[in-house]
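See below for data17.tsv, which holds TSV, C-alpha atoms.
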chain	number	residue	atom	x	y	z
A	1	MET	CA	-50.71	-12.28	25.16
A	2	LYS	CA	-48.74	-14.80	27.23
A	3	GLU	CA	-48.83	-14.65	31.01
A	4	ASP	CA	-46.06	-15.63	33.43
A	5	LYS	CA	-46.57	-17.97	36.39
A	6	PHE	CA	-47.73	-15.03	38.52
A	7	GLY	CA	-50.45	-14.13	36.05
A	8	GLN	CA	-48.73	-10.96	34.80
A	9	LYS	CA	-48.69	-10.39	31.07
A	10	VAL	CA	-45.22	-10.38	29.49
A	11	GLY	CA	-45.87	-7.13	27.63
A	12	ASP	CA	-46.93	-5.39	30.84
A	13	ARG	CA	-43.76	-6.60	32.56
A	14	LEU	CA	-41.55	-5.13	29.84
A	15	LEU	CA	-43.37	-1.81	30.13
A	16	ASP	CA	-42.98	-1.74	33.89
A	17	PRO	CA	-41.49	1.68	34.83
A	18	LYS	CA	-39.07	-0.03	37.22
A	19	ASN	CA	-37.65	-2.16	34.38
A	20	ASN	CA	-37.42	0.90	32.14
A	21	ARG	CA	-35.35	2.71	34.75
A	22	ILE	CA	-32.94	-0.25	34.92
A	23	TRP	CA	-32.49	-0.34	31.15
A	24	LYS	CA	-31.99	3.42	30.99
A	25	GLY	CA	-29.44	3.22	33.78
A	26	LEU	CA	-27.51	0.49	31.99
A	27	LEU	CA	-27.61	2.43	28.73
A	28	GLY	CA	-26.37	5.55	30.49
A	29	LEU	CA	-23.54	3.59	32.11
A	30	VAL	CA	-22.46	2.19	28.74
A	31	LEU	CA	-22.48	5.68	27.19
A	32	ILE	CA	-20.40	7.05	30.08
A	33	LEU	CA	-17.87	4.22	29.72
A	34	LEU	CA	-17.62	4.83	25.97
A	35	LEU	CA	-17.10	8.56	26.58
A	36	VAL	CA	-14.39	7.90	29.17
A	37	ASP	CA	-12.73	5.42	26.80
A	38	ALA	CA	-12.82	7.98	23.97
A	39	LEU	CA	-11.26	10.67	26.19
A	40	LEU	CA	-8.57	8.26	27.35
A	41	GLY	CA	-7.97	7.29	23.74
A	42	TRP	CA	-7.40	10.94	22.83
A	43	TYR	CA	-4.99	11.39	25.74
A	44	TRP	CA	-3.16	8.16	24.95
A	45	SER	CA	-2.75	9.29	21.34
A	46	LEU	CA	-0.63	12.30	22.32
A	47	GLU	CA	2.85	11.84	20.86
A	48	PRO	CA	5.99	12.54	22.93
A	49	ASP	CA	7.87	15.73	22.13
A	50	LEU	CA	11.46	15.79	20.95
A	51	GLU	CA	13.87	16.34	23.82
A	52	PRO	CA	17.36	17.85	23.76
A	53	VAL	CA	20.36	15.57	24.06
A	54	SER	CA	23.65	16.64	25.62
A	55	ARG	CA	26.86	15.01	26.76
A	56	ALA	CA	27.06	14.32	30.48
A	57	ASP	CA	30.15	15.44	32.37
A	58	GLY	CA	32.83	12.79	32.15
A	59	ALA	CA	30.82	10.66	29.71
A	60	VAL	CA	32.73	7.92	27.92
A	61	ALA	CA	32.41	7.01	24.24
A	62	GLY	CA	29.02	5.49	23.51
A	63	GLU	CA	27.40	6.60	26.74
A	64	THR	CA	25.24	9.28	25.13
A	65	VAL	CA	24.01	6.95	22.37
A	66	THR	CA	23.26	4.15	24.83
A	67	ARG	CA	21.42	6.54	27.14
A	68	GLU	CA	19.28	7.72	24.26
A	69	VAL	CA	18.46	4.21	23.09
A	70	ILE	CA	17.29	3.49	26.64
A	71	HIS	CA	15.27	6.73	26.63
A	72	VAL	CA	13.56	5.87	23.34
A	73	ALA	CA	12.74	2.35	24.54
A	74	SER	CA	11.46	3.60	27.91
A	75	THR	CA	9.29	6.24	26.22
A	76	LEU	CA	7.77	3.53	24.04
A	77	LEU	CA	6.59	1.71	27.18
A	78	ASP	CA	5.97	4.57	29.64
A	79	LYS	CA	4.30	7.30	27.55
A	80	PRO	CA	0.66	8.19	28.36
A	81	GLY	CA	-1.36	5.01	28.16
A	82	GLY	CA	1.75	2.85	28.14
A	83	TYR	CA	2.36	0.39	25.33
A	84	LEU	CA	-0.86	0.02	23.30
A	85	SER	CA	-0.01	-2.30	20.42
A	86	ASN	CA	-0.99	-5.42	22.37
A	87	ASP	CA	-4.05	-4.03	24.18
A	88	MET	CA	-7.21	-6.15	24.14
A	89	LEU	CA	-9.61	-3.45	25.43
A	90	PRO	CA	-12.38	-1.92	23.21
A	91	HIS	CA	-10.43	1.25	22.40
A	92	ARG	CA	-8.00	-0.92	20.41
A	93	LEU	CA	-10.67	-1.11	17.70
A	94	TRP	CA	-10.44	2.59	16.85
A	95	LEU	CA	-7.14	3.60	18.43
A	96	ASP	CA	-4.81	2.40	15.66
A	97	ASN	CA	-2.69	5.53	15.10
A	98	MET	CA	-0.62	5.14	18.25
A	99	PRO	CA	0.14	1.43	17.65
A	100	SER	CA	1.38	2.42	14.19
A	101	TRP	CA	3.54	5.14	15.79
A	102	GLU	CA	4.88	2.56	18.24
A	103	TYR	CA	5.79	0.19	15.43
A	104	GLY	CA	7.77	2.93	13.67
A	105	VAL	CA	9.74	3.54	16.89
A	106	LEU	CA	10.21	-0.19	17.46
A	107	VAL	CA	11.75	-0.76	14.02
A	108	GLN	CA	14.36	1.91	14.73
A	109	LEU	CA	15.11	0.35	18.12
A	110	ARG	CA	15.63	-3.01	16.47
A	111	ASP	CA	17.97	-1.52	13.86
A	112	VAL	CA	20.14	0.47	16.27
A	113	THR	CA	20.50	-2.35	18.83
A	114	ARG	CA	21.42	-4.76	16.03
A	115	VAL	CA	24.18	-2.43	14.77
A	116	MET	CA	25.38	-1.80	18.33
A	117	ARG	CA	25.68	-5.54	18.95
A	118	ARG	CA	27.14	-6.41	15.55
A	119	ASP	CA	29.45	-3.46	14.86
A	120	MET	CA	29.72	-0.57	17.34
A	121	SER	CA	30.69	-2.70	20.34
A	122	ARG	CA	33.26	-4.79	18.47
A	123	SER	CA	36.73	-3.78	17.29
A	124	GLN	CA	36.65	-6.17	14.31
A	125	SER	CA	34.51	-8.90	12.80
A	126	GLN	CA	36.38	-11.66	14.66
A	127	SER	CA	36.09	-10.06	18.11
A	128	GLN	CA	33.63	-11.31	20.72
A	129	GLU	CA	30.22	-9.69	20.91
A	130	ASP	CA	29.12	-7.88	24.06
A	131	ARG	CA	27.21	-10.16	26.42
A	132	PHE	CA	24.69	-7.49	27.44
A	133	LEU	CA	23.89	-6.42	23.89
A	134	ALA	CA	23.54	-10.08	22.97
A	135	VAL	CA	20.59	-10.12	25.38
A	136	ALA	CA	19.15	-6.70	24.53
A	137	GLU	CA	19.00	-7.00	20.74
A	138	PRO	CA	16.79	-10.11	20.47
A	139	GLN	CA	14.44	-8.83	23.19
A	140	PHE	CA	13.29	-5.96	20.98
A	141	ASN	CA	12.57	-8.44	18.20
A	142	PHE	CA	9.92	-10.15	20.31
A	143	ASP	CA	6.35	-10.18	18.94
A	144	SER	CA	5.02	-6.63	19.26
A	145	GLU	CA	1.40	-7.75	19.83
A	146	SER	CA	1.74	-10.47	22.45
A	147	TRP	CA	-0.46	-9.56	25.42
A	148	ALA	CA	0.23	-12.49	27.75
A	149	MET	CA	2.56	-15.41	28.45
A	150	PRO	CA	4.78	-13.49	28.04
A	151	ALA	CA	3.61	-9.91	27.60
A	152	THR	CA	5.48	-7.78	25.10
A	153	GLU	CA	6.20	-5.11	27.72
A	154	ASN	CA	8.01	-7.61	29.94
A	155	GLU	CA	10.28	-8.71	27.12
A	156	TYR	CA	11.11	-5.15	26.09
A	157	ARG	CA	11.84	-4.16	29.69
A	158	ARG	CA	14.29	-7.04	29.87
A	159	GLY	CA	15.99	-5.51	26.83
A	160	ILE	CA	16.12	-2.13	28.58
A	161	ARG	CA	17.71	-3.69	31.67
A	162	ALA	CA	20.36	-5.31	29.46
A	163	LEU	CA	21.10	-1.91	27.89
A	164	GLN	CA	21.41	-0.40	31.36
A	165	ASN	CA	23.89	-3.13	32.30
A	166	TYR	CA	25.86	-2.37	29.16
A	167	LEU	CA	25.86	1.34	30.04
A	168	GLU	CA	27.18	0.60	33.54
A	169	ALA	CA	29.91	-1.60	32.06
A	170	LEU	CA	30.91	1.21	29.69
A	171	ARG	CA	31.20	3.63	32.61
A	172	ARG	CA	33.47	1.32	34.57
A	173	ASP	CA	36.04	1.55	31.78
A	174	ASP	CA	37.57	-1.75	32.86
A	175	GLY	CA	37.48	-3.33	29.43
A	176	SER	CA	34.30	-5.32	30.08
A	177	ALA	CA	32.36	-3.28	27.48
A	178	HIS	CA	33.37	-1.24	24.46
A	179	PHE	CA	31.91	1.27	22.02
A	180	TYR	CA	33.95	2.24	18.95
A	181	THR	CA	33.12	5.65	17.47
A	182	ARG	CA	34.55	4.96	14.01
A	183	ALA	CA	33.32	6.25	10.67
A	184	ASP	CA	32.64	2.73	9.36
A	185	ASN	CA	30.49	1.87	12.38
A	186	LEU	CA	28.43	5.02	11.92
A	187	ASN	CA	28.10	4.21	8.22
A	188	TYR	CA	26.74	0.74	8.98
A	189	TRP	CA	23.88	2.25	10.97
A	190	LEU	CA	23.25	5.01	8.44
A	191	ASN	CA	22.89	2.34	5.76
A	192	GLU	CA	20.04	0.81	7.77
A	193	VAL	CA	18.47	4.26	8.20
A	194	GLN	CA	18.74	4.98	4.50
A	195	ASN	CA	16.90	1.78	3.61
A	196	ARG	CA	14.14	2.53	6.13
A	197	LEU	CA	13.67	6.12	4.96
A	198	GLY	CA	13.49	5.03	1.33
A	199	SER	CA	10.84	2.44	2.10
A	200	LEU	CA	8.78	4.85	4.20
A	201	SER	CA	8.97	7.58	1.54
A	202	LEU	CA	7.69	5.17	-1.10
A	203	SER	CA	4.84	3.93	1.12
A	204	LEU	CA	3.80	7.51	1.90
A	205	SER	CA	3.86	8.60	-1.74
A	206	GLN	CA	1.55	5.72	-2.63
A	207	SER	CA	-1.27	7.45	-0.75
A	208	VAL	CA	-2.08	8.94	-4.16
A	209	GLY	CA	-2.53	6.17	-6.70
A	210	ARG	CA	-0.02	6.10	-9.51
A	211	SER	CA	1.29	3.85	-12.25
A	212	GLN	CA	4.57	2.19	-11.40
A	213	LEU	CA	7.00	0.12	-13.43
A	214	ASN	CA	7.96	-3.31	-12.16
A	215	THR	CA	11.45	-2.85	-10.71
A	216	ASP	CA	11.73	-6.40	-9.40
A	217	GLU	CA	12.90	-7.84	-12.72
A	218	ASP	CA	14.73	-6.75	-15.88
A	219	THR	CA	11.93	-5.98	-18.33
A	220	PRO	CA	12.66	-5.48	-22.04
A	221	VAL	CA	12.15	-1.87	-23.14
A	222	GLY	CA	9.35	-2.80	-25.53
A	223	GLN	CA	7.35	-4.40	-22.72
A	224	LEU	CA	7.67	-1.63	-20.13
A	225	ASP	CA	4.16	-0.28	-20.71
A	226	GLU	CA	2.71	-3.77	-20.40
A	227	ARG	CA	4.38	-4.31	-17.03
A	228	GLU	CA	3.04	-1.14	-15.40
A	229	THR	CA	0.96	-1.61	-12.27
A	230	TYR	CA	-1.35	0.80	-10.50
A	231	VAL	CA	-0.30	1.13	-6.85
A	232	GLN	CA	-2.27	2.88	-4.12
A	233	THR	CA	-2.37	2.56	-0.35
A	234	PRO	CA	-5.82	1.39	0.80
A	235	TRP	CA	-7.87	4.26	2.21
A	236	MET	CA	-8.12	2.64	5.67
A	237	GLU	CA	-4.32	2.26	5.92
A	238	ILE	CA	-3.21	5.78	4.95
A	239	ASP	CA	-3.17	7.07	8.53
A	240	ASN	CA	-1.34	3.93	9.71
A	241	VAL	CA	1.48	4.49	7.22
A	242	PHE	CA	1.64	8.18	8.17
A	243	TYR	CA	1.94	7.51	11.91
A	244	GLU	CA	4.46	4.72	11.41
A	245	ALA	CA	6.64	7.21	9.53
A	246	ARG	CA	6.07	9.82	12.23
A	247	GLY	CA	7.10	7.41	14.97
A	248	ALA	CA	10.19	6.32	13.05
A	249	SER	CA	11.15	9.96	12.46
A	250	TRP	CA	10.77	10.81	16.15
A	251	ALA	CA	13.01	7.92	17.18
A	252	LEU	CA	15.58	8.75	14.49
A	253	ALA	CA	15.70	12.43	15.45
A	254	GLN	CA	16.37	11.50	19.08
A	255	LEU	CA	19.01	8.94	18.17
A	256	MET	CA	20.67	11.26	15.64
A	257	ARG	CA	21.06	13.95	18.31
A	258	ALA	CA	22.89	11.45	20.49
A	259	VAL	CA	25.01	10.18	17.61
A	260	GLU	CA	26.14	13.72	16.85
A	261	VAL	CA	27.47	13.96	20.42
A	262	ASP	CA	29.36	10.66	20.49
A	263	PHE	CA	30.62	10.81	16.89
A	264	ALA	CA	31.41	14.53	16.94
A	265	ASP	CA	35.14	13.99	16.23
A	266	VAL	CA	34.42	11.67	13.31
A	267	LEU	CA	31.95	14.12	11.75
A	268	ARG	CA	34.39	16.97	12.18
A	269	ARG	CA	37.31	15.07	10.61
A	270	LYS	CA	35.16	14.09	7.64
A	271	ASN	CA	33.73	17.62	7.25
A	272	ALA	CA	30.30	16.02	7.62
A	273	THR	CA	28.84	17.96	10.56
A	274	VAL	CA	26.78	20.32	8.37
A	275	SER	CA	25.34	17.47	6.29
A	276	PHE	CA	24.50	15.57	9.47
A	277	ARG	CA	22.71	18.52	11.06
A	278	GLN	CA	20.75	19.19	7.88
A	279	MET	CA	19.51	15.62	7.91
A	280	VAL	CA	18.47	15.94	11.55
A	281	ARG	CA	16.58	19.17	10.82
A	282	GLU	CA	14.55	17.46	8.11
A	283	LEU	CA	13.63	14.71	10.56
A	284	GLU	CA	12.71	17.25	13.22
A	285	ALA	CA	10.38	18.97	10.73
A	286	THR	CA	8.27	15.80	10.58
A	287	GLN	CA	7.31	16.36	14.23
A	288	GLN	CA	5.50	19.65	13.67
A	289	THR	CA	2.05	19.89	15.23
A	290	LEU	CA	-0.65	18.23	13.16
A	291	TRP	CA	-3.66	20.53	13.35
A	292	SER	CA	-6.05	18.41	11.31
A	293	PRO	CA	-8.23	15.95	13.30
A	294	MET	CA	-7.62	13.35	10.57
A	295	ILE	CA	-4.98	12.52	7.97
A	296	LEU	CA	-6.11	14.18	4.75
A	297	ASN	CA	-5.42	12.53	1.42
A	298	GLY	CA	-5.97	15.25	-1.16
A	299	SER	CA	-4.58	14.91	-4.67
A	300	GLY	CA	-1.16	16.32	-5.47
A	301	PHE	CA	-2.38	19.78	-6.57
A	302	GLY	CA	-5.94	19.50	-5.29
A	303	LEU	CA	-7.99	21.65	-2.93
A	304	PHE	CA	-7.17	19.69	0.23
A	305	ALA	CA	-3.81	18.84	1.77
A	306	ASN	CA	-2.13	15.48	1.48
A	307	HIS	CA	-0.33	14.92	4.76
A	308	SER	CA	1.34	11.75	3.50
A	309	LEU	CA	3.03	13.61	0.63
A	310	VAL	CA	4.22	16.34	3.02
A	311	MET	CA	5.75	13.70	5.28
A	312	ALA	CA	7.28	11.93	2.27
A	313	ASN	CA	8.89	15.22	1.20
A	314	TYR	CA	10.65	15.66	4.55
A	315	LEU	CA	11.83	12.05	4.60
A	316	SER	CA	13.07	12.27	1.01
A	317	ARG	CA	15.04	15.41	1.85
A	318	ALA	CA	16.50	13.70	4.92
A	319	ASN	CA	17.40	10.72	2.76
A	320	ALA	CA	19.12	12.96	0.19
A	321	ALA	CA	21.20	14.57	2.96
A	322	LEU	CA	21.96	11.09	4.26
A	323	VAL	CA	23.34	9.99	0.88
A	324	ASP	CA	25.71	12.98	0.86
A	325	LEU	CA	26.70	12.28	4.45
A	326	ARG	CA	27.60	8.64	3.72
A	327	LYS	CA	29.77	9.71	0.80
A	328	LEU	CA	31.66	12.08	3.08
A	329	LEU	CA	32.16	9.35	5.69
A	330	GLN	CA	33.50	6.98	3.03
A	331	GLU	CA	35.64	9.42	1.05
A	332	GLY	CA	36.10	12.57	3.19

Output the file's structure in the form of structure tokens.
Amino acid sequence: MKEDKFGQKVGDRLLDPKNNRIWKGLLGLVLILLLVDALLGWYWSLEPDLEPVSRADGAVAGETVTREVIHVASTLLDKPGGYLSNDMLPHRLWLDNMPSWEYGVLVQLRDVTRVMRRDMSRSQSQSQEDRFLAVAEPQFNFDSESWAMPATENEYRRGIRALQNYLEALRRDDGSAHFYTRADNLNYWLNEVQNRLGSLSLSLSQSVGRSQLNTDEDTPVGQLDERETYVQTPWMEIDNVFYEARGASWALAQLMRAVEVDFADVLRRKNATVSFRQMVRELEATQQTLWSPMILNGSGFGLFANHSLVMANYLSRANAALVDLRKLLQEG
């Protein structure tokens, strides 16, 4: 056996009790850090609850909606653990549910700020866009996973500050900012919501593999069977799709509550209040407590639950109520 320059055998040095204590201490420290990281990961994975929305005394048109958009954006950044989608720490390797939830919320923020800038703050297509919303809307379209130079959080907070400036301008009621609570403006946003809900419902239903016809092209009837494809969400992505839908539903439920306040007169004139509230209730049902420690993917009528199909059912029902609501807004 080799000896070092002090004449001590290498094997004896490795078996030295002092060295063993050092290695055991380091191993214990690593285990403690992993345990703390796991506990923090569990805490950071807690989803925000739905909160009531009410009209403030003396609120002007659009104030409630703008407040709620700010609330949703602030919650995205300030919930337990903060914004996690761009984290570089070890827990990012196994903590993927919350980033998926965040992305679902972010998509809804992008949609609503785009409609606010393009439609709700303008009296007609030729009118000038609001200068604060022109800043806020592109900020939320910044890369969701950038961790430095610049960090995603900094860009989104700039968008929140622009929304706050828009809110203050609305309150001044001096003509520097506008919000038009018209049926067509509400319909523009609901069209975006309808497209998102349809896409999420389809992605969720694909948790169970199924044959699907190619709807991207006009296939002759005799070739339909030949053009069938088997579609199934990869097993490792099922929980990501579920939590993206859950995040989107949380954001939509909060925004819908605010929309009902600001567009109350429009909904009443179109006899659409009941349809609107039914849609909101379906979205609220998606936020029920999930008691299972993991997202189960049982078959349609199998022994175990399929959480994705349950979520898809609620979103499909919300989408059906949304279709009826849009008809009332257009024709009522």

> Of the residues A:Ser176, A:Ser144, A:Asn191, A:Ser201, which is the one nearest to A:Asp130, using all atoms listed in the file?
Replying inline: A:Ser176

> Could you tell me, as a ChimeraX atom specification, which residues have any atom at most 12 Å from (-1.5, -4.7, 21.0), counting only C-alpha atoms?
Replying inline: /A:82-93,95-100,102-103,143-148,151-153

> So how far away is atom CA of A:Leu186 from atom CA of A:Leu267, in Å?
Replying inline: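 Result for atom CA of A:Leu267 versus atom CA of A:Leu186: 9.8 Å, one decimal.
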
>> Just checking: using all atoms listed in the file, which residue out of A:Ile295, A:Met256, A:Ile70, A:Leu29 ends up closest to A:Leu190?
In response: A:Met256

> If you count all atoms listed in the file, which residues fall within 8 Å of A:Ala253, apart from same-chain ones fewer than 5 positions away, as a VMD selection string?
Replying inline: chain A and resid 50 280 283 to 284

>> Rounded to one decimal, what separation in Å do you get between atom CA of A:Asp111 and atom CA of A:Trp189?
In response: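 About the pair atom CA of A:Asp111 and atom CA of A:Trp189: they are 7.6 Å apart.
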
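Residue nearest A:Val208 within the list A:Gln232, A:Val36, A:Val69, A:Glu331: A:Gln232 [criterion: smallest interatomic distance, all atoms listed in the file].
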
> Quick one: of A:Ile32, A:Leu315, A:Ala134, A:Leu255, who's nearest to A:Val53, counting only C-alpha atoms?
Replying inline: A:Leu255

> With all atoms listed in the file as the basis for distance, which of A:Ser292, A:Asn306, A:Ser199, A:Gln194 is at the shortest distance from A:Val323?
Replying inline: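 Once distances to A:Val323 are computed over all atoms listed in the file, the minimum belongs to A:Gln194.
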
>> List as a ChimeraX atom specification the protein and nucleic acid residues near A:Ala248, meaning an atom at most 9 Å away when only C-alpha atoms are counted, but skip any in the same chain fewer than 6 places from it.
In response: /A:101-108,196-197

> Between A:Tyr180, A:Phe242, A:Trp42, A:Trp291, which is the closest to A:Met311 once you count all atoms listed in the file?
Replying inline: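 Using all atoms listed in the file, the shortest distance to A:Met311 belongs to A:Phe242.
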
> What is the atom CA of A:Gly198-atom CA of A:Asp239 distance in Å, reported with one decimal?
Replying inline: 18.3 Å
